[in-house]
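The next block is data.cif, given as mmCIF, C-alpha atoms.
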```cif
data_start
loop_
_atom_site.group_PDB
_atom_site.id
_atom_site.type_symbol
_atom_site.label_atom_id
_atom_site.label_comp_id
_atom_site.auth_asym_id
_atom_site.auth_seq_id
_atom_site.Cartn_x
_atom_site.Cartn_y
_atom_site.Cartn_z
ATOM 1 C CA MET A 1022 130.554 99.461 94.147
ATOM 2 C CA ASP A 1023 130.372 102.214 91.628
ATOM 3 C CA PHE A 1024 128.887 103.024 88.270
ATOM 4 C CA LEU A 1025 131.727 101.257 86.523
ATOM 5 C CA THR A 1026 130.651 97.925 88.041
ATOM 6 C CA GLY A 1027 127.315 98.019 86.243
ATOM 7 C CA MET A 1028 128.881 99.275 83.035
ATOM 8 C CA ARG A 1029 131.486 96.512 83.125
ATOM 9 C CA VAL A 1030 128.743 93.940 83.647
ATOM 10 C CA SER A 1031 126.749 95.313 80.699
ATOM 11 C CA GLY A 1032 129.948 95.371 78.682
ATOM 12 C CA SER A 1033 130.571 91.702 79.462
ATOM 13 C CA GLY A 1034 127.055 90.956 78.200
ATOM 14 C CA MET A 1035 127.790 92.788 74.960
ATOM 15 C CA THR A 1036 131.067 90.921 74.483
ATOM 16 C CA ALA A 1037 129.365 87.585 75.110
ATOM 17 C CA GLN A 1038 126.581 88.308 72.631
ATOM 18 C CA ARG A 1039 129.080 89.461 70.021
ATOM 19 C CA THR A 1040 131.070 86.252 70.428
ATOM 20 C CA ARG A 1041 127.834 84.326 69.949
ATOM 21 C CA MET A 1042 127.095 86.395 66.839
ATOM 22 C CA ASN A 1043 130.538 85.490 65.447
ATOM 23 C CA ALA A 1044 129.857 81.793 66.043
ATOM 24 C CA ILE A 1045 126.493 82.105 64.279
ATOM 25 C CA SER A 1046 128.118 83.855 61.298
ATOM 26 C CA SER A 1047 130.666 81.084 61.130
ATOM 27 C CA ASN A 1048 127.884 78.467 61.187
ATOM 28 C CA ILE A 1049 125.931 80.175 58.397
ATOM 29 C CA ALA A 1050 129.040 80.739 56.283
ATOM 30 C CA ASN A 1051 130.081 77.086 56.594
ATOM 31 C CA VAL A 1052 126.711 75.527 55.922
ATOM 32 C CA ASN A 1053 128.123 73.546 52.976
ATOM 33 C CA THR A 1054 131.722 73.081 54.130
ATOM 34 C CA THR A 1055 132.897 69.492 53.744
ATOM 35 C CA ARG A 1056 136.577 69.944 54.605
ATOM 36 C CA THR A 1057 138.108 71.257 57.820
ATOM 37 C CA PRO A 1058 141.659 71.229 59.231
ATOM 38 C CA GLU A 1059 140.494 68.641 61.796
ATOM 39 C CA GLY A 1060 139.196 66.521 58.943
ATOM 40 C CA GLY A 1061 135.618 65.752 57.955
ATOM 41 C CA ALA A 1062 132.707 68.136 57.583
ATOM 42 C CA TYR A 1063 132.403 71.420 59.500
ATOM 43 C CA ARG A 1064 130.579 71.081 62.807
ATOM 44 C CA LYS A 1065 128.203 73.670 64.164
ATOM 45 C CA LYS A 1066 129.798 75.866 66.864
ATOM 46 C CA GLU A 1067 127.902 76.323 70.124
ATOM 47 C CA VAL A 1068 128.761 79.165 72.523
ATOM 48 C CA VAL A 1069 128.361 78.348 76.240
ATOM 49 C CA PHE A 1070 127.688 81.218 78.669
ATOM 50 C CA GLY A 1071 128.550 81.163 82.359
ATOM 51 C CA ALA A 1072 127.950 83.649 85.206
ATOM 52 C CA MET A 1073 131.110 84.852 86.981
ATOM 53 C CA PRO A 1074 131.097 86.991 90.153
ATOM 54 C CA GLU A 1075 132.209 90.507 89.302
ATOM 55 C CA GLN A 1076 135.650 91.250 90.743
ATOM 56 C CA ARG A 1077 135.737 93.680 93.644
ATOM 57 C CA ASN A 1078 138.598 95.658 95.022
ATOM 58 C CA PHE A 1079 140.281 94.848 98.313
ATOM 59 C CA GLY A 1080 138.542 97.596 100.283
ATOM 60 C CA GLU A 1081 135.107 96.406 99.268
ATOM 61 C CA ILE A 1082 135.882 92.797 100.180
ATOM 62 C CA LEU A 1083 137.249 93.950 103.540
ATOM 63 C CA ALA A 1084 134.108 95.984 104.239
ATOM 64 C CA GLY A 1085 131.976 92.934 103.448
ATOM 65 C CA LYS A 1086 129.795 94.777 100.973
ATOM 66 C CA VAL A 1087 126.515 93.176 99.935
ATOM 67 C CA ASP A 1088 127.079 93.320 96.209
ATOM 68 C CA GLU A 1089 128.860 89.999 95.970
ATOM 69 C CA ASP A 1090 125.861 88.795 93.991
ATOM 70 C CA ILE A 1091 126.671 90.884 90.933
ATOM 71 C CA ASP A 1092 127.685 88.558 88.143
ATOM 72 C CA ARG A 1093 129.101 89.281 84.770
ATOM 73 C CA VAL A 1094 128.617 86.878 81.899
ATOM 74 C CA GLN A 1095 131.503 85.097 80.277
ATOM 75 C CA VAL A 1096 131.908 82.812 77.298
ATOM 76 C CA VAL A 1097 133.021 79.624 79.026
ATOM 77 C CA ASP A 1098 133.419 77.464 75.957
ATOM 78 C CA ILE A 1099 132.914 77.408 72.209
ATOM 79 C CA ARG A 1100 132.395 73.796 71.303
ATOM 80 C CA PRO A 1101 131.185 71.831 68.300
ATOM 81 C CA ASP A 1102 127.698 70.448 68.794
ATOM 82 C CA ARG A 1103 127.054 66.738 69.266
ATOM 83 C CA LYS A 1104 125.092 66.152 66.091
ATOM 84 C CA GLY A 1105 126.806 64.073 63.452
ATOM 85 C CA PRO A 1106 127.047 65.103 59.796
ATOM 86 C CA ARG A 1107 124.143 65.026 57.370
ATOM 87 C CA LEU A 1108 124.786 62.426 54.639
ATOM 88 C CA VAL A 1109 123.732 63.367 51.115
ATOM 89 C CA TYR A 1110 123.984 60.966 48.177
ATOM 90 C CA ASP A 1111 126.158 62.647 45.523
ATOM 91 C CA PRO A 1112 128.707 60.203 43.958
ATOM 92 C CA SER A 1113 130.182 62.911 41.719
ATOM 93 C CA HIS A 1114 131.318 65.054 44.677
ATOM 94 C CA VAL A 1115 135.095 64.954 45.360
ATOM 95 C CA ASP A 1116 134.478 64.303 49.062
ATOM 96 C CA ALA A 1117 132.023 61.457 48.536
ATOM 97 C CA ASN A 1118 132.807 58.203 50.371
ATOM 98 C CA GLU A 1119 132.892 54.716 48.771
ATOM 99 C CA GLU A 1120 129.096 54.411 48.902
ATOM 100 C CA GLY A 1121 128.708 57.818 47.236
ATOM 101 C CA TYR A 1122 127.576 59.775 50.306
ATOM 102 C CA VAL A 1123 128.925 63.254 51.138
ATOM 103 C CA ALA A 1124 129.028 64.384 54.784
ATOM 104 C CA TYR A 1125 127.625 67.900 55.099
ATOM 105 C CA PRO A 1126 127.382 69.870 58.368
ATOM 106 C CA ASP A 1127 123.980 69.429 60.005
ATOM 107 C CA ILE A 1128 123.181 73.156 60.251
ATOM 108 C CA ASN A 1129 119.634 74.495 60.126
ATOM 109 C CA VAL A 1130 119.906 78.018 58.671
ATOM 110 C CA MET A 1131 116.485 78.987 60.047
ATOM 111 C CA GLN A 1132 117.587 78.070 63.543
ATOM 112 C CA GLU A 1133 120.760 80.098 63.105
ATOM 113 C CA MET A 1134 118.666 83.080 62.002
ATOM 114 C CA VAL A 1135 116.502 82.840 65.129
ATOM 115 C CA ASP A 1136 119.614 82.609 67.304
ATOM 116 C CA MET A 1137 120.999 85.630 65.498
ATOM 117 C CA LEU A 1138 117.879 87.699 66.243
ATOM 118 C CA GLN A 1139 118.019 86.628 69.868
ATOM 119 C CA ALA A 1140 121.689 87.585 70.145
ATOM 120 C CA SER A 1141 121.005 90.951 68.549
ATOM 121 C CA ARG A 1142 118.084 91.715 70.908
ATOM 122 C CA SER A 1143 120.133 90.698 73.957
ATOM 123 C CA TYR A 1144 122.932 92.930 72.757
ATOM 124 C CA GLU A 1145 120.480 95.846 72.505
ATOM 125 C CA ALA A 1146 119.179 95.164 76.012
ATOM 126 C CA ASN A 1147 122.730 95.377 77.326
ATOM 127 C CA VAL A 1148 123.329 98.600 75.411
ATOM 128 C CA SER A 1149 120.209 100.159 76.900
ATOM 129 C CA ALA A 1150 121.212 99.053 80.411
ATOM 130 C CA MET A 1151 124.575 100.693 79.862
ATOM 131 C CA ASN A 1152 123.009 103.896 78.523
ATOM 132 C CA THR A 1153 120.691 104.142 81.528
ATOM 133 C CA MET A 1154 123.679 103.698 83.785
ATOM 134 C CA LYS A 1155 125.580 106.392 81.899
ATOM 135 C CA ASN A 1156 122.691 108.849 82.196
ATOM 136 C CA MET A 1157 122.455 108.217 85.932
ATOM 137 C CA ALA A 1158 126.179 108.807 86.343
ATOM 138 C CA LEU A 1159 126.018 111.999 84.286
ATOM 139 C CA SER A 1160 123.166 113.329 86.449
ATOM 140 C CA ALA A 1161 125.037 112.371 89.617
ATOM 141 C CA ILE A 1162 127.979 114.590 88.728
ATOM 142 C CA GLU A 1163 125.547 117.522 88.548
ATOM 143 C CA ILE A 1164 124.843 117.383 92.324
ATOM 144 C CA GLY A 1165 125.215 120.824 93.810
ATOM 145 C CA ARG A 1166 125.554 122.646 90.506
ATOM 146 C CA MET B 212 120.915 118.012 114.981
ATOM 147 C CA ALA B 213 123.963 120.238 114.640
ATOM 148 C CA ASP B 214 124.643 119.438 111.055
ATOM 149 C CA ILE B 215 124.097 121.408 107.875
ATOM 150 C CA PHE B 216 122.888 118.252 106.099
ATOM 151 C CA ASP B 217 119.566 117.181 107.585
ATOM 152 C CA THR B 218 118.025 113.710 107.741
ATOM 153 C CA THR B 219 116.254 114.153 104.425
ATOM 154 C CA THR B 220 119.496 114.847 102.562
ATOM 155 C CA LYS B 221 121.171 111.862 104.215
ATOM 156 C CA ALA B 222 118.229 109.594 103.469
ATOM 157 C CA LEU B 223 118.281 110.761 99.846
ATOM 158 C CA GLY B 224 122.007 110.015 99.715
ATOM 159 C CA ALA B 225 121.423 106.528 101.123
ATOM 160 C CA SER B 226 118.649 105.901 98.627
ATOM 161 C CA LEU B 227 120.979 106.947 95.771
ATOM 162 C CA ASN B 228 123.444 104.282 96.910
ATOM 163 C CA TYR B 229 120.800 101.578 97.024
ATOM 164 C CA ARG B 230 119.357 102.584 93.671
ATOM 165 C CA LEU B 231 122.854 102.261 92.231
ATOM 166 C CA LEU B 232 123.117 98.766 93.733
ATOM 167 C CA ARG B 233 119.733 97.883 92.230
ATOM 168 C CA GLN B 234 120.869 99.231 88.863
ATOM 169 C CA ASN B 235 124.040 97.123 88.993
ATOM 170 C CA THR B 236 122.027 94.043 89.950
ATOM 171 C CA THR B 237 119.628 94.645 87.067
ATOM 172 C CA ALA B 238 122.559 95.056 84.674
ATOM 173 C CA SER B 239 123.864 91.713 85.939
ATOM 174 C CA ASN B 240 120.465 90.106 85.332
ATOM 175 C CA ILE B 241 120.256 91.507 81.798
ATOM 176 C CA ALA B 242 123.803 90.425 80.941
ATOM 177 C CA ASN B 243 123.041 86.912 82.197
ATOM 178 C CA ALA B 244 119.620 86.670 80.533
ATOM 179 C CA GLU B 245 120.806 83.671 78.524
ATOM 180 C CA THR B 246 123.179 82.014 80.985
ATOM 181 C CA PRO B 247 121.874 78.560 81.841
ATOM 182 C CA GLY B 248 121.107 78.148 85.541
ATOM 183 C CA TYR B 249 121.454 81.853 86.396
ATOM 184 C CA LYS B 250 118.947 83.091 89.010
ATOM 185 C CA ALA B 251 117.588 86.636 88.718
ATOM 186 C CA LYS B 252 118.482 88.833 91.713
ATOM 187 C CA VAL B 253 116.341 91.492 93.416
ATOM 188 C CA VAL B 254 117.427 94.257 95.797
ATOM 189 C CA GLU B 255 115.149 95.124 98.736
ATOM 190 C CA PHE B 256 115.954 98.350 100.533
ATOM 191 C CA GLU B 257 112.724 100.361 100.903
ATOM 192 C CA ASP B 258 111.663 98.824 104.235
ATOM 193 C CA ALA B 259 115.122 99.114 105.754
ATOM 194 C CA LEU B 260 115.384 102.740 104.665
ATOM 195 C CA ALA B 261 111.908 103.530 106.019
ATOM 196 C CA ARG B 262 112.933 102.099 109.394
ATOM 197 C CA ALA B 263 116.147 104.108 109.342
ATOM 198 C CA ILE B 264 114.466 107.450 108.667
ATOM 199 C CA ASP B 265 112.153 106.657 111.557
ATOM 200 C CA LEU B 266 108.840 106.508 109.762
ATOM 201 C CA ASP B 267 107.466 104.379 112.606
ATOM 202 C CA GLY B 268 108.600 106.790 115.351
ATOM 203 C CA MET B 269 110.888 104.356 117.233
ATOM 204 C CA ASN B 270 113.767 106.791 117.455
ATOM 205 C CA GLY B 271 116.985 106.221 119.357
ATOM 206 C CA LEU B 272 117.662 102.493 119.177
ATOM 207 C CA THR B 273 121.345 101.946 118.578
ATOM 208 C CA THR B 274 122.796 99.003 116.744
ATOM 209 C CA SER B 275 126.062 97.375 117.723
ATOM 210 C CA ASP B 276 125.926 94.369 115.466
ATOM 211 C CA PRO B 277 125.164 94.022 111.760
ATOM 212 C CA GLU B 278 122.495 91.483 112.716
ATOM 213 C CA HIS B 279 120.517 94.158 114.630
ATOM 214 C CA PHE B 280 117.671 95.866 112.885
ATOM 215 C CA ALA B 281 118.596 99.382 111.842
ATOM 216 C CA LEU B 282 116.221 101.683 113.730
ATOM 217 C CA GLY B 283 116.244 105.433 114.156
ATOM 218 C CA THR B 284 118.225 108.144 112.410
ATOM 219 C CA ALA B 285 121.520 107.032 113.969
ATOM 220 C CA ALA B 286 121.288 104.001 111.707
ATOM 221 C CA LEU B 287 121.074 105.987 108.457
ATOM 222 C CA GLY B 288 123.469 104.511 105.948
ATOM 223 C CA LYS B 289 123.788 101.270 107.948
ATOM 224 C CA GLU B 290 120.555 99.709 106.731
ATOM 225 C CA ARG B 291 120.535 96.017 106.013
ATOM 226 C CA VAL B 292 119.909 95.699 102.349
ATOM 227 C CA THR B 293 119.319 92.273 100.891
ATOM 228 C CA VAL B 294 120.251 90.979 97.465
ATOM 229 C CA GLU B 295 118.435 87.717 96.956
ATOM 230 C CA ASN B 296 117.163 85.449 94.231
ATOM 231 C CA ASN B 297 113.857 86.678 92.866
ATOM 232 C CA PRO B 298 111.221 84.588 94.685
ATOM 233 C CA ASP B 299 108.424 85.085 92.156
ATOM 234 C CA ALA B 300 110.261 84.259 88.957
ATOM 235 C CA ASP B 301 109.341 81.727 86.314
ATOM 236 C CA VAL B 302 111.931 79.137 85.452
ATOM 237 C CA ASN B 303 112.915 78.603 81.843
ATOM 238 C CA ASN B 304 113.895 75.303 80.322
ATOM 239 C CA ASP B 305 117.541 76.079 81.038
ATOM 240 C CA LYS B 306 116.823 76.906 84.730
ATOM 241 C CA ASN B 307 117.324 80.620 84.091
ATOM 242 C CA THR B 308 114.854 82.911 85.886
ATOM 243 C CA VAL B 309 115.521 86.256 84.161
ATOM 244 C CA ASP B 310 112.392 87.963 82.815
ATOM 245 C CA MET B 311 113.718 90.538 80.366
ATOM 246 C CA ASP B 312 110.556 92.710 80.379
ATOM 247 C CA LYS B 313 110.588 92.869 84.176
ATOM 248 C CA GLU B 314 114.265 93.766 84.221
ATOM 249 C CA ILE B 315 113.876 96.583 81.695
ATOM 250 C CA THR B 316 110.898 97.938 83.683
ATOM 251 C CA THR B 317 112.881 97.790 86.939
ATOM 252 C CA MET B 318 115.775 99.531 85.254
ATOM 253 C CA THR B 319 113.658 102.379 83.865
ATOM 254 C CA GLU B 320 111.708 102.830 87.089
ATOM 255 C CA ASN B 321 114.910 102.784 89.110
ATOM 256 C CA SER B 322 116.618 105.344 86.926
ATOM 257 C CA ILE B 323 113.612 107.705 87.152
ATOM 258 C CA ALA B 324 113.513 107.381 90.956
ATOM 259 C CA TYR B 325 117.278 107.949 91.036
ATOM 260 C CA LYS B 326 116.913 111.163 89.069
ATOM 261 C CA ALA B 327 114.024 112.275 91.293
ATOM 262 C CA ALA B 328 116.200 111.781 94.384
ATOM 263 C CA LEU B 329 119.016 113.656 92.655
ATOM 264 C CA SER B 330 116.842 116.641 91.846
ATOM 265 C CA LEU B 331 115.593 116.712 95.447
ATOM 266 C CA ILE B 332 119.187 116.760 96.675
ATOM 267 C CA ASN B 333 119.940 119.552 94.271
ATOM 268 C CA LYS B 334 116.981 121.540 95.637
ATOM 269 C CA LYS B 335 118.287 120.988 99.176
ATOM 270 C CA MET B 336 121.710 122.200 98.106
ATOM 271 C CA ALA B 337 120.215 125.242 96.403
ATOM 272 C CA MET B 338 118.370 126.122 99.617
ATOM 273 C CA LEU B 339 121.584 125.720 101.563
ATOM 274 C CA LYS B 340 123.415 127.973 99.118
ATOM 275 C CA TYR B 341 120.642 130.535 99.381
ATOM 276 C CA GLY B 342 121.035 130.528 103.131
ATOM 277 C CA ILE B 343 124.836 130.766 102.958
ATOM 278 C CA SER B 344 124.706 133.734 100.600
ATOM 279 C CA GLU B 345 122.269 135.524 102.958
ATOM 280 C CA GLY B 346 119.321 135.155 100.675
ATOM 281 C CA GLY B 347 121.162 135.773 97.457
ATOM 282 C CA ARG B 348 122.419 139.168 98.564
#
```
Could you express the structure from this file as structure tokens?
Amino acid sequence: MDFLTGMRVSGSGMTAQRTRMNAISSNIANVNTTRTPEGGAYRKKEVVFGAMPEQRNFGEILAGKVDEDIDRVQVVDIRPDRKGPRLVYDPSHVDANEEGYVAYPDINVMQEMVDMLQASRSYEANVSAMNTMKNMALSAIEIGR
Amino acid sequence: MADIFDTTTKALGASLNYRLLRQNTTASNIANAETPGYKAKVVEFEDALARAIDLDGMNGLTTSDPEHFALGTAALGKERVTVENNPDADVNNDKNTVDMDKEITTMTENSIAYKAALSLINKKMAMLKYGISEGGR
């Protein structure tokens, strides 16, 4: 185990939160999108996080070190959510069906905003963990100066 | 002990290692603060280290198995440190037990203690240097 382990873990957290931020941007941008390559209205993207054991080198595994419990975070899946489209009556719309209803994505912009704030705060927490780690490492190289 | 590095320096070195482990564990907890089902981890090393630097005066017990308790100065650096799921954590709706405030506090506290240990080591080294250079002559 070294300083890089912790920094890699914090880095994985930052990557994961940034991916989530991208998904949220996509959701907000496509709040009124009625056409997609897959057909039908846009569907809200959900990012799924999973904990993965941080990789160790051969020597550490051989020595049976205790830090096998250090997990980085990884984006396991980006999937459309299960909610169906929101039907709005608008017969003049080009994508209206025979009854005159248009399928819009069921995205709540307020909810996306809250998710965005949460992602941004988590990102900051990871940055501050990484900075603390960096300061510790910088002080450690001063031993014996 | 015929060694230029005394027990204090070694104990400080050991504590630096464990503080680094605690820092890595905290970083892992912070990164996984929103992972469903993730359990917050805590590192316990203070008791093991106290036993190893012989605070209870039971010097001289040797250990031949990792399952033995580390006792006495011979065991310095071989302490049994545990990384376990935080027992007193609240569970969120998504079965995640990370408390962000607690983690940030642990991180700050740990980094301060790390720097304190570092500056003590540096003092020890300075004293050693002073001795080597015959009192700065």
Got a sec to pull out which chain B residues are within 8 Å of chain A, counting all atoms listed in the file, and send them as number ranges by chain?
B: 231-232, 234-236, 238-247, 249, 252, 292-294, 315, 318-319, 322, 325-326, 329, 332-333, 336-337
For segment 1111-1118 of chain A: contacts at 12 Å, all atoms listed in the file, fewer than 2 positions along chain excluded, given as an NGL selection string:
:A and (1053-1057 or 1060-1062 or 1108-1109 or 1120-1125)
Residues returned when the PyMOL selection byres ((chain B and resi 229) around 10) runs on this file, as a PDB file with C-alpha atoms, in the coordinates of the input:
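Below you can see expr20.pdb, which holds the result:
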```pdb
ATOM      1  CA  LEU B 223     118.281 110.761  99.846  1.00  0.00           C
ATOM      2  CA  GLY B 224     122.007 110.015  99.715  1.00  0.00           C
ATOM      3  CA  ALA B 225     121.423 106.528 101.123  1.00  0.00           C
ATOM      4  CA  SER B 226     118.649 105.901  98.627  1.00  0.00           C
ATOM      5  CA  LEU B 227     120.979 106.947  95.771  1.00  0.00           C
ATOM      6  CA  ASN B 228     123.444 104.282  96.910  1.00  0.00           C
ATOM      7  CA  ARG B 230     119.357 102.584  93.671  1.00  0.00           C
ATOM      8  CA  LEU B 231     122.854 102.261  92.231  1.00  0.00           C
ATOM      9  CA  LEU B 232     123.117  98.766  93.733  1.00  0.00           C
ATOM     10  CA  ARG B 233     119.733  97.883  92.230  1.00  0.00           C
ATOM     11  CA  GLN B 234     120.869  99.231  88.863  1.00  0.00           C
ATOM     12  CA  ASN B 235     124.040  97.123  88.993  1.00  0.00           C
ATOM     13  CA  VAL B 254     117.427  94.257  95.797  1.00  0.00           C
ATOM     14  CA  GLU B 255     115.149  95.124  98.736  1.00  0.00           C
ATOM     15  CA  PHE B 256     115.954  98.350 100.533  1.00  0.00           C
ATOM     16  CA  GLU B 257     112.724 100.361 100.903  1.00  0.00           C
ATOM     17  CA  LEU B 260     115.384 102.740 104.665  1.00  0.00           C
ATOM     18  CA  GLY B 288     123.469 104.511 105.948  1.00  0.00           C
ATOM     19  CA  GLU B 290     120.555  99.709 106.731  1.00  0.00           C
ATOM     20  CA  VAL B 292     119.909  95.699 102.349  1.00  0.00           C
ATOM     21  CA  ASN B 321     114.910 102.784  89.110  1.00  0.00           C
ATOM     22  CA  TYR B 325     117.278 107.949  91.036  1.00  0.00           C
TER      23      TYR B 325
END
```
Atomic distance atom CA of Asn1152 of chain A - atom CA of Glu1067 of chain A, expressed in Å with one decimal
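Going from atom CA of Asn1152 of chain A over to atom CA of Glu1067 of chain A, I get 29.2 Å.
With atom CA of Ala251 of chain B on one side and atom CA of Asn307 of chain B on the other, the separation reads 7.6 Å.
With distances taken over all atoms listed in the file, B:Thr237 is the one residue among B:Thr220, B:Thr237, B:Glu345, B:Pro298 lying closest to Glu320 of chain B.
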Provide the atom CA of Val1130 of chain A to atom CA of Asn1048 of chain A distance in Å, to one decimal place.
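Between these atoms lies a distance of 8.4 Å.
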Around segment 235-248 of chain B, fit a box with edges along x, y and z, padding it by 3 Å on each side, then list its centre and edge lengths in Å to one decimal as JSON.
```
{"center_x": 121.8, "center_y": 87.6, "center_z": 84.2, "size_x": 10.4, "size_y": 25.0, "size_z": 17.4}
```
